[in-house]
Amino acid sequence: PRQNYGPQGANVTSEAHNELARELASAGVVLLQNKQAVLPLDAGNLSTIAVIGAPASFETGAPAEGGEPAVGAVHTVLHSITTSLRAILEWFLTVRRIFQQNWPVTGGGGSGSVMPPYRISLLQAVQAHMRKAGHPSRAVVFHNGSDPVAAARVAGQADVAIIVVGVSSQEGIDRTDLMLPPEQSAYVQAAGAAQTRSIVVAVSPGALLTLHCQ
């Protein structure tokens, strides 16, 4: 007989699990280069940090503070499902919209999907780091990169810029190439040209060409 492991939506996360996840995530980070010894960042020697790129933050109505559960939105949709074909189609389209938002990339689609009980964006982490060092909230300035010229202006006015890009994938659909999306390449080049002390953070499910991040 199949063993009952309890409700699928149950949150069994513990602080030990969180710490292990952070350790594994840190171990998976690859530093390609560190020109001008920009890293590691010392908040005590910085006045302002520009964070550029939608993948660094919660977008399109997603929560911007507190790492609020992203999985709650999915569960709300699941509870509203009926047996009608129309309801199933609406559920599929809504879930797809949820996962297409520019939330921090924590997994892919299909069997690679991950629905953690909460997510902390890179922007939130940088804000918390600067607050801990005694800086006011205005010390971190964010631009989603939709306007490369404006993003470059924000980056150039800061002490350092963190430029975030990200791509995802899912089973059944191959990536057509290893390049960044054109809109991301545009703000990487613009912000990088305006701020020589720039850090590009890339989240990718596999190989990624970094021609525009040199």
# chains A, B, ... in the order shown; residues from 1 in each chain; ligands from 1
>>> closest_atom_pairs(of="stretch 130-171 of chain A", to="stretch 105-110 of chain A", cutoff="6 Å", atoms="only C-alpha atoms", output="CSV")
residue,atom,partner,partner_atom,distance
A:Ser168,CA,A:Gly108,CA,5.6
A:Ser169,CA,A:Gly108,CA,5.2
A:Gln170,CA,A:Gly109,CA,4.1
A:Glu171,CA,A:Gly110,CA,5.7
>>> residues_around(residues="stretch 15-26 of chain A", least_positions_apart="4", cutoff="12 Å", atoms="only C-alpha atoms", output="list of chain:residue names")
A:Asn11, A:Val30, A:Leu31, A:Thr106, A:Gly107, A:Pro116, A:Pro117, A:Tyr118, A:Arg119, A:Ile120, A:Val203
>>> atom_distance(atom1="atom CA of A:Asp42", atom2="atom CA of A:Ala54")
23.9 Å
>>> closest_residue(among="A:Val167, A:Val12, A:Met130, A:Leu123", to="A:His143", atoms="only C-alpha atoms")
A:Leu123
>>> closest_residue(among="A:Leu208, A:Val160, A:Leu178, A:Val188", to="A:Val38", atoms="only C-alpha atoms")
A:Val160
>>> atom_distance(atom1="atom CA of A:Gly166", atom2="atom CA of A:His135")
27.9 Å
>>> residues_around(residues="A:Gln157", least_positions_apart="6", cutoff="9 Å", atoms="only C-alpha atoms", output="PDB file with N, CA and C atoms, in the first residue's frame")
ATOM      1  N   THR A  48      26.104  54.043  -1.546  1.00  0.00           N
ATOM      2  CA  THR A  48      24.941  53.662  -2.347  1.00  0.00           C
ATOM      3  C   THR A  48      25.261  52.441  -3.219  1.00  0.00           C
ATOM      4  N   ILE A  49      24.255  51.615  -3.409  1.00  0.00           N
ATOM      5  CA  ILE A  49      24.353  50.463  -4.300  1.00  0.00           C
ATOM      6  C   ILE A  49      23.180  50.519  -5.266  1.00  0.00           C
ATOM      7  N   ALA A  50      23.467  50.393  -6.544  1.00  0.00           N
ATOM      8  CA  ALA A  50      22.404  50.295  -7.547  1.00  0.00           C
ATOM      9  C   ALA A  50      22.171  48.829  -7.868  1.00  0.00           C
ATOM     10  N   ALA A 194      28.235  52.594 -17.831  1.00  0.00           N
ATOM     11  CA  ALA A 194      28.108  53.770 -16.964  1.00  0.00           C
ATOM     12  C   ALA A 194      28.793  53.588 -15.616  1.00  0.00           C
ATOM     13  N   GLN A 195      28.996  52.345 -15.193  1.00  0.00           N
ATOM     14  CA  GLN A 195      29.574  52.079 -13.879  1.00  0.00           C
ATOM     15  C   GLN A 195      30.661  51.006 -14.026  1.00  0.00           C
TER      16      GLN A 195
END
>>> atom_distance(atom1="atom CA of A:Ser47", atom2="atom CA of A:Thr210")
28.8 Å
>>> closest_residue(among="A:Leu41, A:Leu122, A:Ala193, A:Ala10", to="A:Val165", atoms="only C-alpha atoms")
A:Leu122
>>> residues_around(residues="A:Leu32", least_positions_apart="2", cutoff="12 Å", atoms="only C-alpha atoms", output="list in words")
Val29, Val30, Asn34, Lys35, Leu39, Ile199, Val200, Val201, Ala202, Leu208, Leu209, Thr210, Cys213 and Gln214 of chain A
>>> closest_residue(among="A:Pro181, A:Gly112, A:Gly53, A:Gly44", to="A:Gly145", atoms="only C-alpha atoms")
A:Gly53
>>> residues_around(residues="A:Gly156", least_positions_apart="5", cutoff="12 Å", atoms="only C-alpha atoms", output="list in words")
Thr48, Ile49, Ala50, Val51, Ile52, Val141, Pro148, Val149, Ala150, Ala151, Ala161, Ile162, Ala190, Ala191, Gly192, Ala193, Ala194, Gln195, Thr196, Arg197 and Ser198 of chain A
>>> write_last_selection(atoms="N, CA, C and O atoms", output="PDB file, in the first residue's frame")
ATOM      1  N   THR A  48      26.104  54.043  -1.546  1.00  0.00           N
ATOM      2  CA  THR A  48      24.941  53.662  -2.347  1.00  0.00           C
ATOM      3  C   THR A  48      25.261  52.441  -3.219  1.00  0.00           C
ATOM      4  O   THR A  48      26.384  52.279  -3.694  1.00  0.00           O
ATOM      5  N   ILE A  49      24.255  51.615  -3.409  1.00  0.00           N
ATOM      6  CA  ILE A  49      24.353  50.463  -4.300  1.00  0.00           C
ATOM      7  C   ILE A  49      23.180  50.519  -5.266  1.00  0.00           C
ATOM      8  O   ILE A  49      22.027  50.680  -4.846  1.00  0.00           O
ATOM      9  N   ALA A  50      23.467  50.393  -6.544  1.00  0.00           N
ATOM     10  CA  ALA A  50      22.404  50.295  -7.547  1.00  0.00           C
ATOM     11  C   ALA A  50      22.171  48.829  -7.868  1.00  0.00           C
ATOM     12  O   ALA A  50      23.121  48.079  -8.114  1.00  0.00           O
ATOM     13  N   VAL A  51      20.925  48.418  -7.847  1.00  0.00           N
ATOM     14  CA  VAL A  51      20.551  47.055  -8.238  1.00  0.00           C
ATOM     15  C   VAL A  51      19.748  47.167  -9.525  1.00  0.00           C
ATOM     16  O   VAL A  51      18.695  47.823  -9.549  1.00  0.00           O
ATOM     17  N   ILE A  52      20.244  46.561 -10.586  1.00  0.00           N
ATOM     18  CA  ILE A  52      19.641  46.703 -11.903  1.00  0.00           C
ATOM     19  C   ILE A  52      19.135  45.347 -12.401  1.00  0.00           C
ATOM     20  O   ILE A  52      19.841  44.346 -12.312  1.00  0.00           O
ATOM     21  N   VAL A 141      19.280  51.662  -4.547  1.00  0.00           N
ATOM     22  CA  VAL A 141      18.383  52.163  -5.588  1.00  0.00           C
ATOM     23  C   VAL A 141      18.174  51.066  -6.617  1.00  0.00           C
ATOM     24  O   VAL A 141      19.137  50.467  -7.108  1.00  0.00           O
ATOM     25  N   PRO A 148      17.056  51.056 -20.622  1.00  0.00           N
ATOM     26  CA  PRO A 148      18.508  50.948 -20.428  1.00  0.00           C
ATOM     27  C   PRO A 148      19.186  52.277 -20.133  1.00  0.00           C
ATOM     28  O   PRO A 148      20.151  52.316 -19.368  1.00  0.00           O
ATOM     29  N   VAL A 149      18.682  53.364 -20.715  1.00  0.00           N
ATOM     30  CA  VAL A 149      19.282  54.678 -20.478  1.00  0.00           C
ATOM     31  C   VAL A 149      19.091  55.091 -19.017  1.00  0.00           C
ATOM     32  O   VAL A 149      20.023  55.554 -18.347  1.00  0.00           O
ATOM     33  N   ALA A 150      17.872  54.916 -18.518  1.00  0.00           N
ATOM     34  CA  ALA A 150      17.597  55.249 -17.123  1.00  0.00           C
ATOM     35  C   ALA A 150      18.357  54.319 -16.183  1.00  0.00           C
ATOM     36  O   ALA A 150      18.862  54.750 -15.133  1.00  0.00           O
ATOM     37  N   ALA A 151      18.449  53.036 -16.548  1.00  0.00           N
ATOM     38  CA  ALA A 151      19.187  52.078 -15.727  1.00  0.00           C
ATOM     39  C   ALA A 151      20.656  52.472 -15.644  1.00  0.00           C
ATOM     40  O   ALA A 151      21.290  52.386 -14.584  1.00  0.00           O
ATOM     41  N   ALA A 161      27.373  48.912  -8.826  1.00  0.00           N
ATOM     42  CA  ALA A 161      26.122  48.424  -9.397  1.00  0.00           C
ATOM     43  C   ALA A 161      26.119  46.899  -9.413  1.00  0.00           C
ATOM     44  O   ALA A 161      27.111  46.273  -9.779  1.00  0.00           O
ATOM     45  N   ILE A 162      24.996  46.328  -9.011  1.00  0.00           N
ATOM     46  CA  ILE A 162      24.783  44.893  -9.112  1.00  0.00           C
ATOM     47  C   ILE A 162      23.744  44.685 -10.199  1.00  0.00           C
ATOM     48  O   ILE A 162      22.578  45.084 -10.047  1.00  0.00           O
ATOM     49  N   ALA A 190      24.468  48.816 -21.050  1.00  0.00           N
ATOM     50  CA  ALA A 190      24.285  50.223 -20.710  1.00  0.00           C
ATOM     51  C   ALA A 190      24.767  50.524 -19.294  1.00  0.00           C
ATOM     52  O   ALA A 190      25.522  51.475 -19.062  1.00  0.00           O
ATOM     53  N   ALA A 191      24.332  49.722 -18.340  1.00  0.00           N
ATOM     54  CA  ALA A 191      24.711  49.955 -16.945  1.00  0.00           C
ATOM     55  C   ALA A 191      26.196  49.697 -16.730  1.00  0.00           C
ATOM     56  O   ALA A 191      26.872  50.420 -15.986  1.00  0.00           O
ATOM     57  N   GLY A 192      26.716  48.658 -17.392  1.00  0.00           N
ATOM     58  CA  GLY A 192      28.135  48.345 -17.249  1.00  0.00           C
ATOM     59  C   GLY A 192      29.023  49.447 -17.795  1.00  0.00           C
ATOM     60  O   GLY A 192      30.102  49.714 -17.253  1.00  0.00           O
ATOM     61  N   ALA A 193      28.580  50.089 -18.885  1.00  0.00           N
ATOM     62  CA  ALA A 193      29.365  51.182 -19.458  1.00  0.00           C
ATOM     63  C   ALA A 193      29.341  52.417 -18.562  1.00  0.00           C
ATOM     64  O   ALA A 193      30.303  53.188 -18.512  1.00  0.00           O
ATOM     65  N   ALA A 194      28.235  52.594 -17.831  1.00  0.00           N
ATOM     66  CA  ALA A 194      28.108  53.770 -16.964  1.00  0.00           C
ATOM     67  C   ALA A 194      28.793  53.588 -15.616  1.00  0.00           C
ATOM     68  O   ALA A 194      29.127  54.572 -14.948  1.00  0.00           O
ATOM     69  N   GLN A 195      28.996  52.345 -15.193  1.00  0.00           N
ATOM     70  CA  GLN A 195      29.574  52.079 -13.879  1.00  0.00           C
ATOM     71  C   GLN A 195      30.661  51.006 -14.026  1.00  0.00           C
ATOM     72  O   GLN A 195      30.380  49.840 -14.265  1.00  0.00           O
ATOM     73  N   THR A 196      31.913  51.430 -13.885  1.00  0.00           N
ATOM     74  CA  THR A 196      33.017  50.474 -14.030  1.00  0.00           C
ATOM     75  C   THR A 196      33.056  49.470 -12.881  1.00  0.00           C
ATOM     76  O   THR A 196      33.586  48.368 -13.041  1.00  0.00           O
ATOM     77  N   ARG A 197      32.538  49.857 -11.716  1.00  0.00           N
ATOM     78  CA  ARG A 197      32.471  48.938 -10.575  1.00  0.00           C
ATOM     79  C   ARG A 197      31.118  48.230 -10.607  1.00  0.00           C
ATOM     80  O   ARG A 197      30.225  48.510  -9.814  1.00  0.00           O
ATOM     81  N   SER A 198      30.974  47.327 -11.569  1.00  0.00           N
ATOM     82  CA  SER A 198      29.721  46.598 -11.755  1.00  0.00           C
ATOM     83  C   SER A 198      29.926  45.113 -11.509  1.00  0.00           C
ATOM     84  O   SER A 198      30.966  44.554 -11.842  1.00  0.00           O
TER      85      SER A 198
END
